[in-house]
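Engineer: Below is one structure. I have some questions about it.
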Amino acid sequence: MELKLIDKNGKAAKKGVTVSDDTFGREFNEALVHQVVVAYMANARTATRAQKGRDTVAHTTHKPYAQKGTGNARSGMTSSPIWRGGGRAFPNSPNENFSHKVNRKAYRAGMQTILSELVRQERLNVVEEFAVATPKTKALAEKIKGMGYEGAVLVLTDSFDENLYLSSRNLINVMVVEAQYADPVSLVRFPTVVATAAAVKKLEEMLA
């Protein structure tokens with residue numbers, strides 16, 4: 001299949017980019033995309049929360065009151081989870097493992113499905129090149145506006161461009177990523193994805 005190519009001025013080029021149907025023409029599989037997105041977000045989590053159980057909370061082992069005669073429920077110590085200030089019954093631990101395992105073949109298929117859906121929805125825009133002469137936020141903002149893109153934009157490049165990276169840091173709706181670091185969450189979240197022709201070829205090569 002062939003993707004439309006846009007030149008550096010934002011106009012359609014005479015010749016498009018030929019890509020593989022396996023990568024950019026795959027049928028949509030919602031369950032697979034959901035699995036890949038959830039796994040990516042889960043694997044990004046870090047176990048930083050910790051709670052105290054009844055064995056670690058500060059308490060005394062002395063019985064709070066007599067077993068009988070007070071009219072209260074029987075209680076052995078104040079560390080019980082039902083007491084105010086007591087420990088948690090099932091406390092969160094810093095050693096929790098939130099990771100999800102996704103087979104390499106399934107992950108590649110999920111990324112191919114996402115890219116194919118971007119093409120069908122006309123959210124993937126392929127440009128000959130995407131660069132700015134100086135590391136200026138204003139220059140990048142004007143370039144994006146001049147090419148007719150509005151809202152949040154994800155820019156995929158084939159290699160690291162320092163000027164482009166520095167120009168995008170202060171734009172909250174613009175994210176510049178190398179093609180090899182493209183992730184399913186960003187591809188799904190951004191309404192507009194701009195990729196250079198070289199980045200498209202690199203994605204095709206990685207996911208083949």
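Numbering starts fresh at 1 for the residues of each chain in the structure tokens, the chains themselves are lettered A, B, ... in the order given, and ligands are numbered from 1 as they appear.
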Extract, using only C-alpha atoms, all DNA, RNA and protein residues at most 7 Å from region 81-89 of chain A, discarding same-chain residues fewer than 4 positions from it, and format them as number ranges by chain.
Structural biologist: A: 52-54, 57
Engineer: Give me a file of those residues, with C-alpha atoms, as a JSON list (two decimals), in the first residue's frame.
Structural biologist:
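Done, and the output landed in out-v3.json:
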```json
[["chain", "number", "residue", "atom", "x", "y", "z"],
["A", 52, "LYS", "CA", 1.75, -0.87, 57.83],
["A", 53, "GLY", "CA", 0.20, -4.16, 58.84],
["A", 54, "ARG", "CA", -0.85, -5.12, 62.34],
["A", 57, "VAL", "CA", 2.11, -0.50, 63.38]]
```
Engineer: Which residues are near Ser186 (chain A)? Cut-off 10 Å, only C-alpha atoms, ignore same chain within fewer than 3 positions. Put them as a ChimeraX atom specification.
Structural biologist: /A:37,153-154,175,177,182-183,189-191,193
Engineer: Can I get the selected residues back with N, CA, C and O atoms, as a CSV table (one decimal), in the first residue's frame?
Structural biologist:
```csv
chain,number,residue,atom,x,y,z
A,37,VAL,N,-1.9,-1.9,25.4
A,37,VAL,CA,-1.9,-0.7,26.1
A,37,VAL,C,-1.8,-0.8,27.6
A,37,VAL,O,-1.1,-0.2,28.3
A,153,VAL,N,0.0,17.0,19.1
A,153,VAL,CA,0.7,16.4,18.0
A,153,VAL,C,1.9,15.5,18.5
A,153,VAL,O,2.6,16.0,19.3
A,154,LEU,N,1.9,14.3,18.0
A,154,LEU,CA,3.1,13.4,18.3
A,154,LEU,C,4.0,13.4,17.1
A,154,LEU,O,3.5,13.0,16.0
A,175,MET,N,4.9,16.4,21.4
A,175,MET,CA,5.8,15.4,21.9
A,175,MET,C,6.7,14.9,20.8
A,175,MET,O,6.1,14.4,19.8
A,177,VAL,N,9.4,12.1,19.6
A,177,VAL,CA,10.0,10.8,20.0
A,177,VAL,C,10.6,10.2,18.8
A,177,VAL,O,10.2,10.3,17.6
A,182,ALA,N,8.8,4.7,20.0
A,182,ALA,CA,7.3,4.9,20.0
A,182,ALA,C,6.6,3.9,20.8
A,182,ALA,O,6.9,2.7,20.8
A,183,ASP,N,5.6,4.3,21.6
A,183,ASP,CA,4.9,3.4,22.5
A,183,ASP,C,3.4,3.4,22.1
A,183,ASP,O,2.9,4.4,21.6
A,189,ARG,N,-3.1,7.9,22.3
A,189,ARG,CA,-3.6,9.2,22.9
A,189,ARG,C,-3.6,10.4,22.1
A,189,ARG,O,-4.5,11.2,22.1
A,190,PHE,N,-2.5,10.5,21.2
A,190,PHE,CA,-2.4,11.7,20.4
A,190,PHE,C,-3.4,11.7,19.2
A,190,PHE,O,-3.3,10.7,18.5
A,191,PRO,N,-4.2,12.7,19.0
A,191,PRO,CA,-5.1,12.7,17.9
A,191,PRO,C,-4.4,12.8,16.5
A,191,PRO,O,-4.9,12.4,15.5
A,193,VAL,N,-0.6,12.2,14.5
A,193,VAL,CA,0.7,11.7,14.6
A,193,VAL,C,1.4,12.1,13.3
A,193,VAL,O,0.9,11.8,12.2
```
Engineer: Which residue gives the smallest distance to Val194 (chain A) among A:Phe130, A:Tyr181, A:Phe160, A:Tyr165, with only C-alpha atoms counted?
Structural biologist: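 The closest residue to Val194 (chain A) is A:Phe130.
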Engineer: What gap, in Å, lies between CA of Asp158 (chain A) and CA of Ala131 (chain A)?
Structural biologist: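 CA of Asp158 (chain A) sits 11.5 Å away from CA of Ala131 (chain A).
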Engineer: Please report, as a PyMOL selection string, each residue of region 2-198 of chain A to which DSSP assigns helix (DSSP H, G or I) when run on this structure's backbone.
Structural biologist: chain A and resi 21-24+30-43+104-120+137-146+162-168+179-181+184-189+197-198
Engineer: Which of these, A:Val188, A:Val38, A:Ala199, A:Ala179, has the shortest distance to Lys101 (chain A) once you count only C-alpha atoms?
Structural biologist: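 Closest to Lys101 (chain A), using only C-alpha atoms: A:Val38.
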Engineer: Pick from A:Ala66, A:Val200, A:Leu3, A:Ile114: nearest to Ala31 (chain A), with only C-alpha atoms counted?
Structural biologist: A:Ile114
Engineer: Give me the residues near region 133-142 of chain A as a ChimeraX atom specification, where near means some atom within 8 Å (using only C-alpha atoms) and where sequence neighbours in that chain fewer than 5 positions away do not count.
Structural biologist: /A:162-171
Engineer: Could you write out that same residue set with all heavy atoms as a PDB file, in the first residue's frame?
Structural biologist:
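The result, stored in out_10.pdb:
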```
ATOM      1  N   GLU A 162      18.377  17.367  18.125  1.00  0.00           N
ATOM      2  CA  GLU A 162      18.468  18.175  19.342  1.00  0.00           C
ATOM      3  C   GLU A 162      17.639  19.451  19.242  1.00  0.00           C
ATOM      4  O   GLU A 162      16.949  19.825  20.200  1.00  0.00           O
ATOM      5  CB  GLU A 162      19.925  18.524  19.635  1.00  0.00           C
ATOM      6  CG  GLU A 162      20.111  19.243  20.973  1.00  0.00           C
ATOM      7  CD  GLU A 162      21.569  19.462  21.313  1.00  0.00           C
ATOM      8  OE1 GLU A 162      22.434  19.155  20.476  1.00  0.00           O
ATOM      9  OE2 GLU A 162      21.838  19.940  22.435  1.00  0.00           O
ATOM     10  N   ASN A 163      17.686  20.138  18.104  1.00  0.00           N
ATOM     11  CA  ASN A 163      16.899  21.361  17.940  1.00  0.00           C
ATOM     12  C   ASN A 163      15.402  21.092  18.084  1.00  0.00           C
ATOM     13  O   ASN A 163      14.675  21.845  18.730  1.00  0.00           O
ATOM     14  CB  ASN A 163      17.181  21.998  16.577  1.00  0.00           C
ATOM     15  CG  ASN A 163      18.549  22.642  16.517  1.00  0.00           C
ATOM     16  OD1 ASN A 163      19.212  22.820  17.538  1.00  0.00           O
ATOM     17  ND2 ASN A 163      18.989  22.988  15.322  1.00  0.00           N
ATOM     18  N   LEU A 164      14.961  20.011  17.493  1.00  0.00           N
ATOM     19  CA  LEU A 164      13.545  19.654  17.550  1.00  0.00           C
ATOM     20  C   LEU A 164      13.142  19.262  18.967  1.00  0.00           C
ATOM     21  O   LEU A 164      12.068  19.654  19.453  1.00  0.00           O
ATOM     22  CB  LEU A 164      13.273  18.500  16.583  1.00  0.00           C
ATOM     23  CG  LEU A 164      11.830  18.266  16.155  1.00  0.00           C
ATOM     24  CD1 LEU A 164      11.261  19.498  15.490  1.00  0.00           C
ATOM     25  CD2 LEU A 164      11.744  17.061  15.234  1.00  0.00           C
ATOM     26  N   TYR A 165      14.007  18.521  19.651  1.00  0.00           N
ATOM     27  CA  TYR A 165      13.716  18.103  21.023  1.00  0.00           C
ATOM     28  C   TYR A 165      13.644  19.295  21.970  1.00  0.00           C
ATOM     29  O   TYR A 165      12.706  19.424  22.762  1.00  0.00           O
ATOM     30  CB  TYR A 165      14.782  17.118  21.496  1.00  0.00           C
ATOM     31  CG  TYR A 165      14.709  16.801  22.964  1.00  0.00           C
ATOM     32  CD1 TYR A 165      13.679  16.028  23.483  1.00  0.00           C
ATOM     33  CD2 TYR A 165      15.662  17.305  23.848  1.00  0.00           C
ATOM     34  CE1 TYR A 165      13.604  15.754  24.840  1.00  0.00           C
ATOM     35  CE2 TYR A 165      15.601  17.036  25.202  1.00  0.00           C
ATOM     36  CZ  TYR A 165      14.562  16.262  25.689  1.00  0.00           C
ATOM     37  OH  TYR A 165      14.487  16.001  27.042  1.00  0.00           O
ATOM     38  N   LEU A 166      14.625  20.196  21.875  1.00  0.00           N
ATOM     39  CA  LEU A 166      14.645  21.367  22.755  1.00  0.00           C
ATOM     40  C   LEU A 166      13.474  22.302  22.458  1.00  0.00           C
ATOM     41  O   LEU A 166      12.931  22.922  23.382  1.00  0.00           O
ATOM     42  CB  LEU A 166      15.973  22.122  22.591  1.00  0.00           C
ATOM     43  CG  LEU A 166      17.234  21.386  23.045  1.00  0.00           C
ATOM     44  CD1 LEU A 166      18.468  22.214  22.732  1.00  0.00           C
ATOM     45  CD2 LEU A 166      17.180  21.075  24.537  1.00  0.00           C
ATOM     46  N   SER A 167      13.073  22.391  21.207  1.00  0.00           N
ATOM     47  CA  SER A 167      11.968  23.279  20.838  1.00  0.00           C
ATOM     48  C   SER A 167      10.629  22.776  21.349  1.00  0.00           C
ATOM     49  O   SER A 167       9.698  23.565  21.558  1.00  0.00           O
ATOM     50  CB  SER A 167      11.901  23.419  19.314  1.00  0.00           C
ATOM     51  OG  SER A 167      13.108  23.927  18.799  1.00  0.00           O
ATOM     52  N   SER A 168      10.508  21.484  21.561  1.00  0.00           N
ATOM     53  CA  SER A 168       9.216  20.901  21.938  1.00  0.00           C
ATOM     54  C   SER A 168       8.999  20.802  23.441  1.00  0.00           C
ATOM     55  O   SER A 168       7.885  20.522  23.882  1.00  0.00           O
ATOM     56  CB  SER A 168       9.094  19.502  21.335  1.00  0.00           C
ATOM     57  OG  SER A 168      10.052  18.622  21.910  1.00  0.00           O
ATOM     58  N   ARG A 169      10.034  21.054  24.236  1.00  0.00           N
ATOM     59  CA  ARG A 169       9.915  20.814  25.684  1.00  0.00           C
ATOM     60  C   ARG A 169       8.895  21.719  26.364  1.00  0.00           C
ATOM     61  O   ARG A 169       8.268  21.316  27.339  1.00  0.00           O
ATOM     62  CB  ARG A 169      11.276  20.975  26.363  1.00  0.00           C
ATOM     63  CG  ARG A 169      12.248  19.866  26.027  1.00  0.00           C
ATOM     64  CD  ARG A 169      13.474  19.892  26.917  1.00  0.00           C
ATOM     65  NE  ARG A 169      14.176  21.165  26.839  1.00  0.00           N
ATOM     66  CZ  ARG A 169      15.260  21.463  27.567  1.00  0.00           C
ATOM     67  NH1 ARG A 169      15.751  20.560  28.403  1.00  0.00           N
ATOM     68  NH2 ARG A 169      15.856  22.619  27.431  1.00  0.00           N
ATOM     69  N   ASN A 170       8.710  22.940  25.859  1.00  0.00           N
ATOM     70  CA  ASN A 170       7.773  23.875  26.487  1.00  0.00           C
ATOM     71  C   ASN A 170       6.403  23.866  25.833  1.00  0.00           C
ATOM     72  O   ASN A 170       5.538  24.661  26.208  1.00  0.00           O
ATOM     73  CB  ASN A 170       8.342  25.304  26.454  1.00  0.00           C
ATOM     74  CG  ASN A 170       9.485  25.495  27.443  1.00  0.00           C
ATOM     75  OD1 ASN A 170       9.565  24.777  28.439  1.00  0.00           O
ATOM     76  ND2 ASN A 170      10.376  26.426  27.166  1.00  0.00           N
ATOM     77  N   LEU A 171       6.184  22.990  24.879  1.00  0.00           N
ATOM     78  CA  LEU A 171       4.874  22.859  24.243  1.00  0.00           C
ATOM     79  C   LEU A 171       4.170  21.647  24.848  1.00  0.00           C
ATOM     80  O   LEU A 171       4.569  20.502  24.610  1.00  0.00           O
ATOM     81  CB  LEU A 171       5.029  22.697  22.731  1.00  0.00           C
ATOM     82  CG  LEU A 171       5.635  23.892  21.985  1.00  0.00           C
ATOM     83  CD1 LEU A 171       5.853  23.547  20.521  1.00  0.00           C
ATOM     84  CD2 LEU A 171       4.740  25.122  22.112  1.00  0.00           C
TER      85      LEU A 171
END
```
Engineer: Kindly indicate which residue among A:Asn43, A:Gln112, A:Ser80, A:Asn92 lies nearest to Asp22 (chain A), using only C-alpha atoms for the distances.
Structural biologist: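 That would be A:Gln112, the residue with the smallest distance to Asp22 (chain A).
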Engineer: Give me the residues within 7 Å of Gly16 (chain A) as a list in words, counting only C-alpha atoms and dropping any in the same chain fewer than 3 places off.
Structural biologist: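 Returned residues: Glu2, Leu3, Lys4, Leu5 and Ala13 of chain A.
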Engineer: Any chance you could export the current selection's all heavy atoms as an mmCIF file, in the first residue's frame?
Structural biologist:
```cif
data_model
loop_
_atom_site.group_PDB
_atom_site.id
_atom_site.type_symbol
_atom_site.label_atom_id
_atom_site.label_comp_id
_atom_site.auth_asym_id
_atom_site.auth_seq_id
_atom_site.Cartn_x
_atom_site.Cartn_y
_atom_site.Cartn_z
ATOM 1 N N GLU A 2 0.264 2.366 -0.331
ATOM 2 C CA GLU A 2 1.012 3.615 -0.428
ATOM 3 C C GLU A 2 0.384 4.671 0.473
ATOM 4 O O GLU A 2 -0.835 4.857 0.468
ATOM 5 C CB GLU A 2 1.034 4.107 -1.877
ATOM 6 C CG GLU A 2 1.966 5.289 -2.104
ATOM 7 C CD GLU A 2 2.096 5.661 -3.571
ATOM 8 O OE1 GLU A 2 1.262 6.452 -4.050
ATOM 9 O OE2 GLU A 2 3.023 5.143 -4.224
ATOM 10 N N LEU A 3 1.217 5.355 1.239
ATOM 11 C CA LEU A 3 0.763 6.423 2.114
ATOM 12 C C LEU A 3 1.037 7.770 1.472
ATOM 13 O O LEU A 3 2.051 7.946 0.795
ATOM 14 C CB LEU A 3 1.482 6.348 3.473
ATOM 15 C CG LEU A 3 1.319 5.048 4.276
ATOM 16 C CD1 LEU A 3 2.116 5.140 5.577
ATOM 17 C CD2 LEU A 3 -0.142 4.762 4.565
ATOM 18 N N LYS A 4 0.143 8.707 1.703
ATOM 19 C CA LYS A 4 0.327 10.053 1.169
ATOM 20 C C LYS A 4 1.530 10.707 1.841
ATOM 21 O O LYS A 4 1.742 10.565 3.037
ATOM 22 C CB LYS A 4 -0.929 10.894 1.404
ATOM 23 C CG LYS A 4 -2.155 10.403 0.651
ATOM 24 C CD LYS A 4 -3.350 11.285 0.956
ATOM 25 C CE LYS A 4 -4.587 10.791 0.226
ATOM 26 N NZ LYS A 4 -5.779 11.633 0.537
ATOM 27 N N LEU A 5 2.294 11.440 1.054
ATOM 28 C CA LEU A 5 3.487 12.101 1.564
ATOM 29 C C LEU A 5 3.308 13.610 1.476
ATOM 30 O O LEU A 5 2.802 14.129 0.478
ATOM 31 C CB LEU A 5 4.720 11.671 0.759
ATOM 32 C CG LEU A 5 6.077 12.205 1.231
ATOM 33 C CD1 LEU A 5 6.401 11.695 2.624
ATOM 34 C CD2 LEU A 5 7.177 11.798 0.250
ATOM 35 N N ALA A 13 2.946 15.757 -1.735
ATOM 36 C CA ALA A 13 4.023 15.478 -2.684
ATOM 37 C C ALA A 13 3.485 14.643 -3.847
ATOM 38 O O ALA A 13 2.429 14.011 -3.756
ATOM 39 C CB ALA A 13 5.161 14.750 -1.987
#
```
Engineer: Between A:Gly10, A:Gly76, A:Pro184, A:Gly151, which is the closest to Ile172 (chain A) once you count only C-alpha atoms?
Structural biologist: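 Closest residue, counting only C-alpha atoms: A:Gly151.
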Engineer: Nearest to Glu27 (chain A): which of A:Ala12, A:Leu203, A:Ile6, A:Leu118 is it, counting only C-alpha atoms?
Structural biologist: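 Between A:Ala12, A:Leu203, A:Ile6, A:Leu118, the residue approaching Glu27 (chain A) most closely is A:Leu118.
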Engineer: Let's see if you can do this: from backbone DSSP, list all strand (DSSP E or B) residues in chain A, as a list in words.
Structural biologist: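 Those residues are Glu2, Leu3, Leu5, Ile6, Ala12, Val17, Thr18, Gly53, Arg88, Leu124, Asn125, Val126, Val127, Val153, Leu154, Val155, Leu156, Thr157, Val174, Met175, Val176, Val177, Glu178, Thr192, Val193, Val194, Ala195 and Thr196 of chain A.
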Engineer: Quick one: residues within 6 Å of Ser116 (chain A), only C-alpha atoms, excluding same-chain residues fewer than 2 positions away - as a PDB file with all heavy atoms, in the first residue's frame?
Structural biologist:
```pdb
ATOM      1  N   PHE A  24       0.853  -1.637   8.078  1.00  0.00           N
ATOM      2  CA  PHE A  24      -0.032  -0.481   8.018  1.00  0.00           C
ATOM      3  C   PHE A  24      -1.405  -0.795   7.416  1.00  0.00           C
ATOM      4  O   PHE A  24      -2.197   0.119   7.208  1.00  0.00           O
ATOM      5  CB  PHE A  24       0.626   0.640   7.212  1.00  0.00           C
ATOM      6  CG  PHE A  24       1.845   1.222   7.867  1.00  0.00           C
ATOM      7  CD1 PHE A  24       3.106   0.725   7.597  1.00  0.00           C
ATOM      8  CD2 PHE A  24       1.730   2.268   8.778  1.00  0.00           C
ATOM      9  CE1 PHE A  24       4.232   1.255   8.204  1.00  0.00           C
ATOM     10  CE2 PHE A  24       2.850   2.802   9.395  1.00  0.00           C
ATOM     11  CZ  PHE A  24       4.100   2.298   9.106  1.00  0.00           C
ATOM     12  N   GLY A  25      -1.673  -2.072   7.158  1.00  0.00           N
ATOM     13  CA  GLY A  25      -2.975  -2.439   6.610  1.00  0.00           C
ATOM     14  C   GLY A  25      -3.610  -3.603   7.350  1.00  0.00           C
ATOM     15  O   GLY A  25      -4.396  -4.361   6.783  1.00  0.00           O
ATOM     16  N   ARG A  26      -3.294  -3.730   8.619  1.00  0.00           N
ATOM     17  CA  ARG A  26      -3.788  -4.848   9.423  1.00  0.00           C
ATOM     18  C   ARG A  26      -5.208  -4.571   9.909  1.00  0.00           C
ATOM     19  O   ARG A  26      -5.575  -3.433  10.166  1.00  0.00           O
ATOM     20  CB  ARG A  26      -2.850  -5.050  10.622  1.00  0.00           C
ATOM     21  CG  ARG A  26      -3.003  -6.388  11.330  1.00  0.00           C
ATOM     22  CD  ARG A  26      -2.071  -6.455  12.528  1.00  0.00           C
ATOM     23  NE  ARG A  26      -2.103  -7.763  13.143  1.00  0.00           N
ATOM     24  CZ  ARG A  26      -1.251  -8.732  12.894  1.00  0.00           C
ATOM     25  NH1 ARG A  26      -0.282  -8.542  12.013  1.00  0.00           N
ATOM     26  NH2 ARG A  26      -1.341  -9.904  13.491  1.00  0.00           N
ATOM     27  N   THR A 113      -1.447  -3.063  14.561  1.00  0.00           N
ATOM     28  CA  THR A 113      -2.883  -2.769  14.556  1.00  0.00           C
ATOM     29  C   THR A 113      -3.134  -1.293  14.831  1.00  0.00           C
ATOM     30  O   THR A 113      -3.988  -0.667  14.195  1.00  0.00           O
ATOM     31  CB  THR A 113      -3.591  -3.634  15.609  1.00  0.00           C
ATOM     32  OG1 THR A 113      -3.343  -5.016  15.344  1.00  0.00           O
ATOM     33  CG2 THR A 113      -5.091  -3.385  15.594  1.00  0.00           C
ATOM     34  N   ILE A 114      -2.397  -0.730  15.770  1.00  0.00           N
ATOM     35  CA  ILE A 114      -2.562   0.687  16.105  1.00  0.00           C
ATOM     36  C   ILE A 114      -2.172   1.566  14.919  1.00  0.00           C
ATOM     37  O   ILE A 114      -2.890   2.515  14.560  1.00  0.00           O
ATOM     38  CB  ILE A 114      -1.731   1.044  17.354  1.00  0.00           C
ATOM     39  CG1 ILE A 114      -2.280   0.322  18.579  1.00  0.00           C
ATOM     40  CG2 ILE A 114      -1.717   2.557  17.585  1.00  0.00           C
ATOM     41  CD1 ILE A 114      -1.424   0.479  19.822  1.00  0.00           C
ATOM     42  N   LEU A 118      -4.511   4.125  12.699  1.00  0.00           N
ATOM     43  CA  LEU A 118      -4.161   5.527  12.485  1.00  0.00           C
ATOM     44  C   LEU A 118      -4.259   5.893  11.003  1.00  0.00           C
ATOM     45  O   LEU A 118      -4.723   6.985  10.652  1.00  0.00           O
ATOM     46  CB  LEU A 118      -2.746   5.810  13.000  1.00  0.00           C
ATOM     47  CG  LEU A 118      -2.531   5.778  14.515  1.00  0.00           C
ATOM     48  CD1 LEU A 118      -1.062   5.988  14.844  1.00  0.00           C
ATOM     49  CD2 LEU A 118      -3.371   6.835  15.205  1.00  0.00           C
ATOM     50  N   VAL A 119      -3.842   4.972  10.153  1.00  0.00           N
ATOM     51  CA  VAL A 119      -3.934   5.214   8.711  1.00  0.00           C
ATOM     52  C   VAL A 119      -5.392   5.277   8.272  1.00  0.00           C
ATOM     53  O   VAL A 119      -5.792   6.156   7.499  1.00  0.00           O
ATOM     54  CB  VAL A 119      -3.183   4.111   7.938  1.00  0.00           C
ATOM     55  CG1 VAL A 119      -3.419   4.254   6.438  1.00  0.00           C
ATOM     56  CG2 VAL A 119      -1.689   4.172   8.241  1.00  0.00           C
TER      57      VAL A 119
END
```
Engineer: I'd like the contact shell of Tyr65 (chain A) - 9 Å cut-off, only C-alpha atoms, skipping same-chain residues fewer than 2 positions apart - returned as a list in words.
Structural biologist: His62, Lys63, Gln67, Lys68, Thr70, Asn72, Arg74, Ser75 and Gly76 of chain A
Engineer: Grab the residues selected above and save them as an mmCIF file, in the first residue's frame with N, CA, C and O atoms.
Structural biologist:
```cif
data_model
loop_
_atom_site.group_PDB
_atom_site.id
_atom_site.type_symbol
_atom_site.label_atom_id
_atom_site.label_comp_id
_atom_site.auth_asym_id
_atom_site.auth_seq_id
_atom_site.Cartn_x
_atom_site.Cartn_y
_atom_site.Cartn_z
ATOM 1 N N HIS A 62 -0.569 -5.001 75.387
ATOM 2 C CA HIS A 62 -1.444 -5.075 76.561
ATOM 3 C C HIS A 62 -2.905 -5.093 76.106
ATOM 4 O O HIS A 62 -3.298 -4.361 75.201
ATOM 5 N N LYS A 63 -3.708 -5.907 76.733
ATOM 6 C CA LYS A 63 -5.126 -5.976 76.398
ATOM 7 C C LYS A 63 -5.779 -4.638 76.747
ATOM 8 O O LYS A 63 -5.615 -4.137 77.863
ATOM 9 N N GLN A 67 -11.797 -8.627 79.389
ATOM 10 C CA GLN A 67 -12.522 -9.479 78.450
ATOM 11 C C GLN A 67 -14.022 -9.378 78.657
ATOM 12 O O GLN A 67 -14.778 -9.342 77.693
ATOM 13 N N LYS A 68 -14.445 -9.295 79.905
ATOM 14 C CA LYS A 68 -15.882 -9.292 80.211
ATOM 15 C C LYS A 68 -16.242 -8.105 81.104
ATOM 16 O O LYS A 68 -15.390 -7.518 81.767
ATOM 17 N N THR A 70 -17.436 -5.026 80.348
ATOM 18 C CA THR A 70 -17.421 -3.633 79.856
ATOM 19 C C THR A 70 -18.554 -3.340 78.891
ATOM 20 O O THR A 70 -18.863 -2.174 78.626
ATOM 21 N N ASN A 72 -18.334 -3.942 75.776
ATOM 22 C CA ASN A 72 -17.719 -3.799 74.451
ATOM 23 C C ASN A 72 -17.438 -5.170 73.833
ATOM 24 O O ASN A 72 -17.461 -6.192 74.520
ATOM 25 N N ARG A 74 -15.109 -8.114 72.397
ATOM 26 C CA ARG A 74 -13.833 -8.616 72.901
ATOM 27 C C ARG A 74 -12.682 -8.134 72.011
ATOM 28 O O ARG A 74 -12.804 -8.134 70.794
ATOM 29 N N SER A 75 -11.603 -7.717 72.635
ATOM 30 C CA SER A 75 -10.457 -7.222 71.872
ATOM 31 C C SER A 75 -9.172 -7.604 72.561
ATOM 32 O O SER A 75 -9.059 -7.493 73.790
ATOM 33 N N GLY A 76 -8.193 -8.055 71.748
ATOM 34 C CA GLY A 76 -6.930 -8.509 72.314
ATOM 35 C C GLY A 76 -5.857 -7.440 72.304
ATOM 36 O O GLY A 76 -5.111 -7.302 73.271
#
```
